[in-house]
$ cat my_file.pdb   # PDB, C-alpha atoms
MODEL        1
ATOM      1  CA  MET S 327      82.995   6.760   5.241
ATOM      2  CA  ARG S 328      80.874   3.681   5.945
ATOM      3  CA  LYS S 329      78.980   5.581   8.621
ATOM      4  CA  VAL S 330      78.159   8.368   6.176
ATOM      5  CA  ILE S 331      76.839   5.897   3.616
ATOM      6  CA  PHE S 332      74.848   4.132   6.340
ATOM      7  CA  TYR S 333      73.289   7.414   7.499
ATOM      8  CA  VAL S 334      72.485   8.532   3.959
ATOM      9  CA  PHE S 335      70.740   5.236   3.167
ATOM     10  CA  SER S 336      68.991   5.284   6.547
ATOM     11  CA  VAL S 337      67.598   8.757   5.916
ATOM     12  CA  LEU S 338      66.583   7.864   2.360
ATOM     13  CA  GLY S 339      64.919   4.695   3.627
ATOM     14  CA  LEU S 340      63.048   6.611   6.312
ATOM     15  CA  VAL S 341      61.891   9.222   3.785
ATOM     16  CA  PHE S 342      60.694   6.425   1.495
ATOM     17  CA  VAL S 343      58.777   4.693   4.317
ATOM     18  CA  VAL S 344      57.116   7.960   5.377
ATOM     19  CA  LEU S 345      56.189   8.767   1.770
ATOM     20  CA  VAL S 346      54.668   5.321   1.211
ATOM     21  CA  PHE S 347      52.729   5.596   4.474
ATOM     22  CA  VAL S 348      51.394   9.062   3.624
ATOM     23  CA  LEU S 349      50.292   7.930   0.162
ATOM     24  CA  TYR S 350      48.784   4.684   1.452
ATOM     25  CA  ALA S 351      46.924   6.445   4.277
ATOM     26  CA  HIS S 352      45.652   9.084   1.807
ATOM     27  CA  TRP S 353      47.124  11.917   3.872
ATOM     28  CA  HIS S 354      48.008  14.036   0.895
ATOM     29  CA  PRO S 355      46.116  16.659  -1.071
ATOM     30  CA  ILE S 356      44.797  15.666  -4.483
ATOM     31  CA  ILE S 357      42.994  18.905  -5.355
ATOM     32  CA  THR S 358      43.497  22.520  -4.392
ATOM     33  CA  VAL S 359      40.686  25.034  -4.826
ATOM     34  CA  ASN S 360      41.701  28.655  -4.325
ATOM     35  CA  GLY S 361      44.435  27.423  -1.989
ATOM     36  CA  SER S 362      42.185  25.104   0.060
ATOM     37  CA  ARG S 363      43.171  21.461   0.024
ATOM     38  CA  ILE S 364      40.966  18.472  -0.707
ATOM     39  CA  TRP S 365      42.535  15.347   0.754
ATOM     40  CA  ALA S 366      42.889  11.981  -0.921
ATOM     41  CA  GLY S 367      41.043  10.338   1.976
ATOM     42  CA  ASP S 368      37.895  12.302   1.146
ATOM     43  CA  TYR S 369      38.045  11.365  -2.528
ATOM     44  CA  PHE S 370      38.877   7.696  -2.027
ATOM     45  CA  GLY S 371      36.390   7.368   0.838
ATOM     46  CA  GLN S 372      33.617   8.394  -1.524
ATOM     47  CA  VAL S 373      34.932   6.282  -4.396
ATOM     48  CA  ASN S 374      35.094   3.219  -2.159
ATOM     49  CA  GLY S 375      31.563   3.885  -0.925
ATOM     50  CA  PHE S 376      30.156   4.050  -4.424
ATOM     51  CA  GLU S 377      32.089   0.965  -5.526
ATOM     52  CA  ARG S 378      30.564  -0.927  -2.585
ATOM     53  CA  TYR S 379      27.115   0.415  -3.489
ATOM     54  CA  ARG S 380      27.572  -0.811  -7.064
ATOM     55  CA  ARG S 381      28.626  -4.293  -5.902
ATOM     56  CA  ILE S 382      25.728  -4.627  -3.450
ATOM     57  CA  THR S 383      23.008  -3.341  -5.773
ATOM     58  CA  ASN S 384      24.434  -4.828  -8.991
ATOM     59  CA  GLU S 385      23.702  -1.448 -10.524
ATOM     60  CA  GLU S 386      25.593  -0.596 -13.666
ATOM     61  CA  LEU S 387      27.497   2.606 -12.996
ATOM     62  CA  ASP S 388      30.019   4.212 -15.292
ATOM     63  CA  GLU S 389      33.100   4.209 -13.058
ATOM     64  CA  ASN S 390      34.709   7.165 -14.807
ATOM     65  CA  ALA S 391      31.492   9.201 -14.566
ATOM     66  CA  VAL S 392      31.226   8.419 -10.844
ATOM     67  CA  ARG S 393      34.845   9.408 -10.198
ATOM     68  CA  ARG S 394      34.471  12.603 -12.232
ATOM     69  CA  GLY S 395      31.270  13.388 -10.367
ATOM     70  CA  ILE S 396      33.012  12.945  -7.029
ATOM     71  CA  VAL S 397      35.777  15.341  -8.095
ATOM     72  CA  LEU S 398      33.202  17.925  -9.170
ATOM     73  CA  VAL S 399      31.214  17.538  -5.934
ATOM     74  CA  LEU S 400      34.376  17.968  -3.858
ATOM     75  CA  ILE S 401      35.326  21.096  -5.806
ATOM     76  CA  ALA S 402      31.809  22.552  -5.503
ATOM     77  CA  ASP S 403      31.783  21.854  -1.771
ATOM     78  CA  SER S 404      35.152  23.542  -1.354
ATOM     79  CA  LEU S 405      33.858  26.643  -3.153
ATOM     80  CA  THR S 406      30.686  26.612  -1.054
ATOM     81  CA  ARG S 407      32.688  26.205   2.133
ATOM     82  CA  GLY S 408      34.903  29.120   1.118
ATOM     83  CA  GLU S 409      31.911  31.384   0.462
ATOM     84  CA  LEU S 410      30.336  30.478   3.813
ATOM     85  CA  LEU S 411      33.642  31.209   5.510
ATOM     86  CA  ARG S 412      33.847  34.554   3.719
ATOM     87  CA  ARG S 413      30.338  35.365   4.979
ATOM     88  CA  GLU S 414      31.323  34.202   8.480
ATOM     89  CA  ILE S 415      28.630  31.520   8.674
ATOM     90  CA  ALA S 416      29.437  29.345  11.686
ATOM     91  CA  ASP S 417      29.870  25.574  11.502
ATOM     92  CA  GLY S 418      27.293  25.382  14.283
ATOM     93  CA  GLU S 419      24.514  26.189  11.825
ATOM     94  CA  ILE S 420      25.674  23.391   9.539
ATOM     95  CA  ASP S 421      25.910  20.960  12.456
ATOM     96  CA  MET S 422      22.401  21.927  13.540
ATOM     97  CA  ARG S 423      20.983  21.148  10.088
ATOM     98  CA  VAL S 424      22.813  17.831   9.936
ATOM     99  CA  GLU S 425      21.549  16.777  13.361
ATOM    100  CA  GLU S 426      18.029  17.808  12.389
ATOM    101  CA  ALA S 427      18.232  15.664   9.242
ATOM    102  CA  LEU S 428      19.491  12.708  11.278
ATOM    103  CA  LYS S 429      16.670  13.123  13.761
ATOM    104  CA  ILE S 430      13.991  13.325  11.035
ATOM    105  CA  ARG S 431      15.308  10.319   9.085
ATOM    106  CA  GLY S 432      16.226   8.292  12.146
ATOM    107  CA  ARG S 433      19.878   8.176  13.119
ATOM    108  CA  GLU S 434      19.926   4.406  13.746
ATOM    109  CA  LYS S 435      18.290   3.606  10.402
ATOM    110  CA  LEU S 436      20.692   5.875   8.531
ATOM    111  CA  GLU S 437      23.654   4.461  10.416
ATOM    112  CA  LYS S 438      22.674   0.921   9.465
ATOM    113  CA  ALA S 439      21.837   1.790   5.853
ATOM    114  CA  THR S 440      25.043   3.734   5.182
ATOM    115  CA  LYS S 441      27.122   0.918   6.677
ATOM    116  CA  GLN S 442      25.376  -1.672   4.509
ATOM    117  CA  LEU S 443      25.250   0.317   1.273
ATOM    118  CA  TYR S 444      28.481   2.294   1.351
ATOM    119  CA  GLY S 445      30.574   0.817   4.147
ATOM    120  CA  TRP S 446      30.601   4.256   5.773
ATOM    121  CA  THR S 447      30.232   5.141   9.418
ATOM    122  CA  ILE S 448      27.654   7.759  10.325
ATOM    123  CA  ARG S 449      30.552  10.196  10.668
ATOM    124  CA  ASP S 450      31.601   9.436   7.076
ATOM    125  CA  PHE S 451      28.005   9.857   5.888
ATOM    126  CA  LYS S 452      27.798  13.227   7.587
ATOM    127  CA  ARG S 453      31.140  14.314   6.095
ATOM    128  CA  PHE S 454      30.516  13.006   2.565
ATOM    129  CA  SER S 455      26.814  13.695   2.176
ATOM    130  CA  LEU S 456      24.922  15.570   4.886
ATOM    131  CA  GLU S 457      27.388  18.378   5.611
ATOM    132  CA  PRO S 458      27.973  19.336   1.949
ATOM    133  CA  GLN S 459      24.204  19.346   1.381
ATOM    134  CA  ALA S 460      23.648  21.491   4.467
ATOM    135  CA  ARG S 461      26.312  23.978   3.315
ATOM    136  CA  GLN S 462      24.711  24.167  -0.118
ATOM    137  CA  ASP S 463      21.214  24.641   1.355
ATOM    138  CA  ILE S 464      22.388  27.418   3.669
ATOM    139  CA  LEU S 465      24.203  29.247   0.894
ATOM    140  CA  ALA S 466      21.293  28.794  -1.539
ATOM    141  CA  ALA S 467      18.925  30.323   1.051
ATOM    142  CA  LEU S 468      21.284  33.287   1.505
ATOM    143  CA  PHE S 469      21.495  33.789  -2.252
ATOM    144  CA  GLU S 470      17.723  33.580  -2.602
ATOM    145  CA  LYS S 471      17.369  36.456  -0.108
ATOM    146  CA  GLU S 472      19.819  38.426  -2.267
ATOM    147  CA  GLY S 473      17.989  37.601  -5.500
ATOM    148  CA  LYS S 474      20.761  35.305  -6.748
ATOM    149  CA  GLU S 475      20.693  31.669  -7.785
ATOM    150  CA  PHE S 476      23.096  29.164  -6.256
ATOM    151  CA  ASN S 477      23.756  27.268  -9.514
ATOM    152  CA  ALA S 478      24.561  30.479 -11.412
ATOM    153  CA  TRP S 479      26.976  31.503  -8.647
ATOM    154  CA  LEU S 480      28.591  28.057  -8.682
ATOM    155  CA  GLN S 481      29.075  28.094 -12.469
ATOM    156  CA  GLU S 482      30.732  31.496 -12.242
ATOM    157  CA  GLU S 483      32.985  30.325  -9.399
ATOM    158  CA  LEU S 484      33.983  27.200 -11.332
ATOM    159  CA  GLN S 485      35.087  29.423 -14.226
ATOM    160  CA  THR S 486      37.227  31.740 -12.102
ATOM    161  CA  ALA S 487      38.543  29.491  -9.316
ATOM    162  CA  ALA S 488      42.197  28.456  -9.155
ATOM    163  CA  ILE S 489      41.852  24.670  -9.249
ATOM    164  CA  LYS S 490      44.715  22.199  -9.476
ATOM    165  CA  ILE S 491      44.371  18.414  -9.516
ATOM    166  CA  TYR S 492      47.159  16.034  -8.469
ATOM    167  CA  PHE S 493      47.495  12.228  -8.653
ATOM    168  CA  LEU S 494      44.201  11.803 -10.548
ATOM    169  CA  PRO S 495      43.655  11.254 -14.288
ATOM    170  CA  TYR S 496      42.043  14.682 -14.719
ATOM    171  CA  LEU S 497      42.970  18.279 -15.436
ATOM    172  CA  TRP S 498      41.074  21.481 -14.772
ATOM    173  CA  GLN S 499      41.086  23.755 -17.806
ATOM    174  CA  ALA S 500      38.924  26.767 -18.587
ATOM    175  CA  GLY S 501      36.433  25.877 -15.865
ATOM    176  CA  GLU S 502      36.023  22.245 -16.913
ATOM    177  CA  LEU S 503      37.191  18.863 -15.734
ATOM    178  CA  ILE S 504      38.902  17.018 -18.574
ATOM    179  CA  ASP S 505      40.691  13.705 -18.891
ATOM    180  CA  LYS S 506      44.484  13.763 -19.013
TER     181      LYS S 506
ENDMDL
END
$ encode --input "my_file.pdb" --output "structure tokens"
Amino acid sequence: MRKVIFYVFSVLGLVFVVLVFVLYAHWHPIITVNGSRIWAGDYFGQVNGFERYRRITNEELDENAVRRGIVLVLIADSLTRGELLRREIADGEIDMRVEEALKIRGREKLEKATKQLYGWTIRDFKRFSLEPQARQDILAALFEKEGKEFNAWLQEELQTAAIKIYFLPYLWQAGELIDK
């Protein structure tokens, strides 16, 4: 009987340790958009970057507005990524645009600036800023050829998408982000 109790508590302890590690490492989804997951690491990476920016620049930023904005940007990027995937646009085109932007702006300067301002590596900067912008630019160009407008498409998608938010103080209702 003692062995059974020992094993039960051992398993429960192990489950608890794994759960704490997953939550601490931000390896859990916090938003789903049409079944695609947005990970906590992406959200908190951006939040931490903007908090560092605010401290360094002494700029007054509304923390709730920044956090809400990050959630909306992550959702919009997920929708954009899904549309590009549906249209079979390769990641290579996105990578090409990102590398072109780095070359034009100067990779070393951007690397130094993003580290100082946001505490991000160049890889983080690409993931949080350059890649989403490249995806949006590519999709906007495709829509322009079709006589559509990117912002109109995005607003429609935000209204119809299946969006769920976990572990954050927000809800998605009727196409809008609201406070819990």
$ closest_residue --input "my_file.pdb" --among "S:Val373, S:Met327, S:Ile357, S:Leu405" --to "Gln481 (chain S)" --atoms "only C-alpha atoms"
S:Leu405
$ resolve_selection --input "my_file.pdb" --expression "the PyMOL selection byres ((chain S and resi 364) around 12)" --output "ChimeraX atom specification"
/S:352-363,365-370,396-405,407,489-492
$ residues_around --input "my_file.pdb" --residues "Glu502 (chain S)" --least-positions-apart "5" --cutoff "9 Å" --atoms "only C-alpha atoms" --output "PyMOL selection string"
chain S and resi 484-485+497
$ closest_residue --input "my_file.pdb" --among "S:Asp421, S:Gln372, S:Glu409, S:Ile415" --to "Leu456 (chain S)" --atoms "only C-alpha atoms"
S:Asp421
$ resolve_selection --input "my_file.pdb" --expression "the PyMOL selection byres ((chain S and resi 437) around 10)" --output "PyMOL selection string"
chain S and resi 428+432-436+438-442+446-451
$ atom_distance --input "my_file.pdb" --atom1 "CA of Thr383 (chain S)" --atom2 "CA of Phe454 (chain S)"
19.8 Å
$ atom_distance --input "my_file.pdb" --atom1 "CA of Ile430 (chain S)" --atom2 "CA of Phe376 (chain S)"
24.2 Å
$ resolve_selection --input "my_file.pdb" --expression "the PyMOL selection byres ((chain S and resi 466) around 12)" --output "ChimeraX atom specification"
/S:406,409-410,459-465,467-480
$ closest_residue --input "my_file.pdb" --among "S:Gly501, S:Pro495, S:Gly371, S:Pro458" --to "Asn390 (chain S)" --atoms "only C-alpha atoms"
S:Pro495
$ closest_residue --input "my_file.pdb" --among "S:Ile331, S:Trp498, S:Ala427, S:Lys506" --to "Ser455 (chain S)" --atoms "all atoms listed in the file"
S:Ala427
$ axis_aligned_box --input "my_file.pdb" --around "region 484-490 of chain S" --padding-each-side "6 Å" --output "lines of an AutoDock Vina configuration file"
center_x = 39.3
center_y = 27.0
center_z = -11.7
size_x = 22.7
size_y = 21.5
size_z = 17.1
$ atom_distance --input "my_file.pdb" --atom1 "CA of Lys452 (chain S)" --atom2 "CA of Ile420 (chain S)"
10.6 Å
$ decode --input "my_file.pdb" --residues "region 422-445 of chain S" --atoms "N, CA and C atoms" --output "PDB file, in the first residue's frame"
ATOM      1  N   MET S 422      12.790  35.947 -48.393  1.00  0.00           N
ATOM      2  CA  MET S 422      13.481  36.809 -49.334  1.00  0.00           C
ATOM      3  C   MET S 422      13.215  38.287 -49.020  1.00  0.00           C
ATOM      4  N   ARG S 423      11.966  38.604 -48.732  1.00  0.00           N
ATOM      5  CA  ARG S 423      11.616  39.996 -48.387  1.00  0.00           C
ATOM      6  C   ARG S 423      12.272  40.433 -47.087  1.00  0.00           C
ATOM      7  N   VAL S 424      12.304  39.542 -46.117  1.00  0.00           N
ATOM      8  CA  VAL S 424      12.926  39.868 -44.832  1.00  0.00           C
ATOM      9  C   VAL S 424      14.413  40.121 -45.021  1.00  0.00           C
ATOM     10  N   GLU S 425      15.081  39.251 -45.753  1.00  0.00           N
ATOM     11  CA  GLU S 425      16.519  39.425 -45.986  1.00  0.00           C
ATOM     12  C   GLU S 425      16.804  40.698 -46.766  1.00  0.00           C
ATOM     13  N   GLU S 426      15.939  41.029 -47.698  1.00  0.00           N
ATOM     14  CA  GLU S 426      16.087  42.272 -48.456  1.00  0.00           C
ATOM     15  C   GLU S 426      15.967  43.484 -47.531  1.00  0.00           C
ATOM     16  N   ALA S 427      14.992  43.443 -46.624  1.00  0.00           N
ATOM     17  CA  ALA S 427      14.820  44.545 -45.668  1.00  0.00           C
ATOM     18  C   ALA S 427      16.035  44.668 -44.759  1.00  0.00           C
ATOM     19  N   LEU S 428      16.575  43.545 -44.325  1.00  0.00           N
ATOM     20  CA  LEU S 428      17.771  43.577 -43.471  1.00  0.00           C
ATOM     21  C   LEU S 428      18.964  44.154 -44.222  1.00  0.00           C
ATOM     22  N   LYS S 429      19.075  43.795 -45.472  1.00  0.00           N
ATOM     23  CA  LYS S 429      20.194  44.295 -46.284  1.00  0.00           C
ATOM     24  C   LYS S 429      20.073  45.811 -46.482  1.00  0.00           C
ATOM     25  N   ILE S 430      18.874  46.283 -46.802  1.00  0.00           N
ATOM     26  CA  ILE S 430      18.656  47.716 -47.045  1.00  0.00           C
ATOM     27  C   ILE S 430      18.910  48.531 -45.780  1.00  0.00           C
ATOM     28  N   ARG S 431      18.410  48.066 -44.650  1.00  0.00           N
ATOM     29  CA  ARG S 431      18.525  48.815 -43.392  1.00  0.00           C
ATOM     30  C   ARG S 431      19.869  48.602 -42.694  1.00  0.00           C
ATOM     31  N   GLY S 432      20.563  47.566 -43.078  1.00  0.00           N
ATOM     32  CA  GLY S 432      21.827  47.235 -42.433  1.00  0.00           C
ATOM     33  C   GLY S 432      21.609  46.267 -41.289  1.00  0.00           C
ATOM     34  N   ARG S 433      21.942  45.021 -41.529  1.00  0.00           N
ATOM     35  CA  ARG S 433      21.701  43.953 -40.558  1.00  0.00           C
ATOM     36  C   ARG S 433      22.355  44.253 -39.206  1.00  0.00           C
ATOM     37  N   GLU S 434      23.611  44.706 -39.235  1.00  0.00           N
ATOM     38  CA  GLU S 434      24.339  44.953 -37.978  1.00  0.00           C
ATOM     39  C   GLU S 434      23.689  46.082 -37.175  1.00  0.00           C
ATOM     40  N   LYS S 435      23.279  47.144 -37.878  1.00  0.00           N
ATOM     41  CA  LYS S 435      22.626  48.259 -37.181  1.00  0.00           C
ATOM     42  C   LYS S 435      21.309  47.809 -36.552  1.00  0.00           C
ATOM     43  N   LEU S 436      20.530  47.055 -37.317  1.00  0.00           N
ATOM     44  CA  LEU S 436      19.247  46.570 -36.797  1.00  0.00           C
ATOM     45  C   LEU S 436      19.453  45.611 -35.630  1.00  0.00           C
ATOM     46  N   GLU S 437      20.460  44.772 -35.758  1.00  0.00           N
ATOM     47  CA  GLU S 437      20.753  43.811 -34.689  1.00  0.00           C
ATOM     48  C   GLU S 437      21.082  44.551 -33.394  1.00  0.00           C
ATOM     49  N   LYS S 438      21.906  45.558 -33.499  1.00  0.00           N
ATOM     50  CA  LYS S 438      22.300  46.348 -32.328  1.00  0.00           C
ATOM     51  C   LYS S 438      21.112  47.126 -31.759  1.00  0.00           C
ATOM     52  N   ALA S 439      20.350  47.759 -32.646  1.00  0.00           N
ATOM     53  CA  ALA S 439      19.213  48.574 -32.198  1.00  0.00           C
ATOM     54  C   ALA S 439      18.134  47.732 -31.530  1.00  0.00           C
ATOM     55  N   THR S 440      17.803  46.578 -32.116  1.00  0.00           N
ATOM     56  CA  THR S 440      16.745  45.753 -31.525  1.00  0.00           C
ATOM     57  C   THR S 440      17.184  45.183 -30.182  1.00  0.00           C
ATOM     58  N   LYS S 441      18.468  44.885 -30.054  1.00  0.00           N
ATOM     59  CA  LYS S 441      18.981  44.387 -28.765  1.00  0.00           C
ATOM     60  C   LYS S 441      18.879  45.476 -27.711  1.00  0.00           C
ATOM     61  N   GLN S 442      19.267  46.697 -28.080  1.00  0.00           N
ATOM     62  CA  GLN S 442      19.238  47.809 -27.126  1.00  0.00           C
ATOM     63  C   GLN S 442      17.815  48.218 -26.769  1.00  0.00           C
ATOM     64  N   LEU S 443      16.964  48.366 -27.776  1.00  0.00           N
ATOM     65  CA  LEU S 443      15.616  48.884 -27.534  1.00  0.00           C
ATOM     66  C   LEU S 443      14.651  47.855 -26.974  1.00  0.00           C
ATOM     67  N   TYR S 444      14.704  46.642 -27.499  1.00  0.00           N
ATOM     68  CA  TYR S 444      13.703  45.639 -27.131  1.00  0.00           C
ATOM     69  C   TYR S 444      14.259  44.437 -26.392  1.00  0.00           C
ATOM     70  N   GLY S 445      15.588  44.274 -26.405  1.00  0.00           N
ATOM     71  CA  GLY S 445      16.177  43.095 -25.799  1.00  0.00           C
ATOM     72  C   GLY S 445      16.008  41.859 -26.670  1.00  0.00           C
TER      73      GLY S 445
END
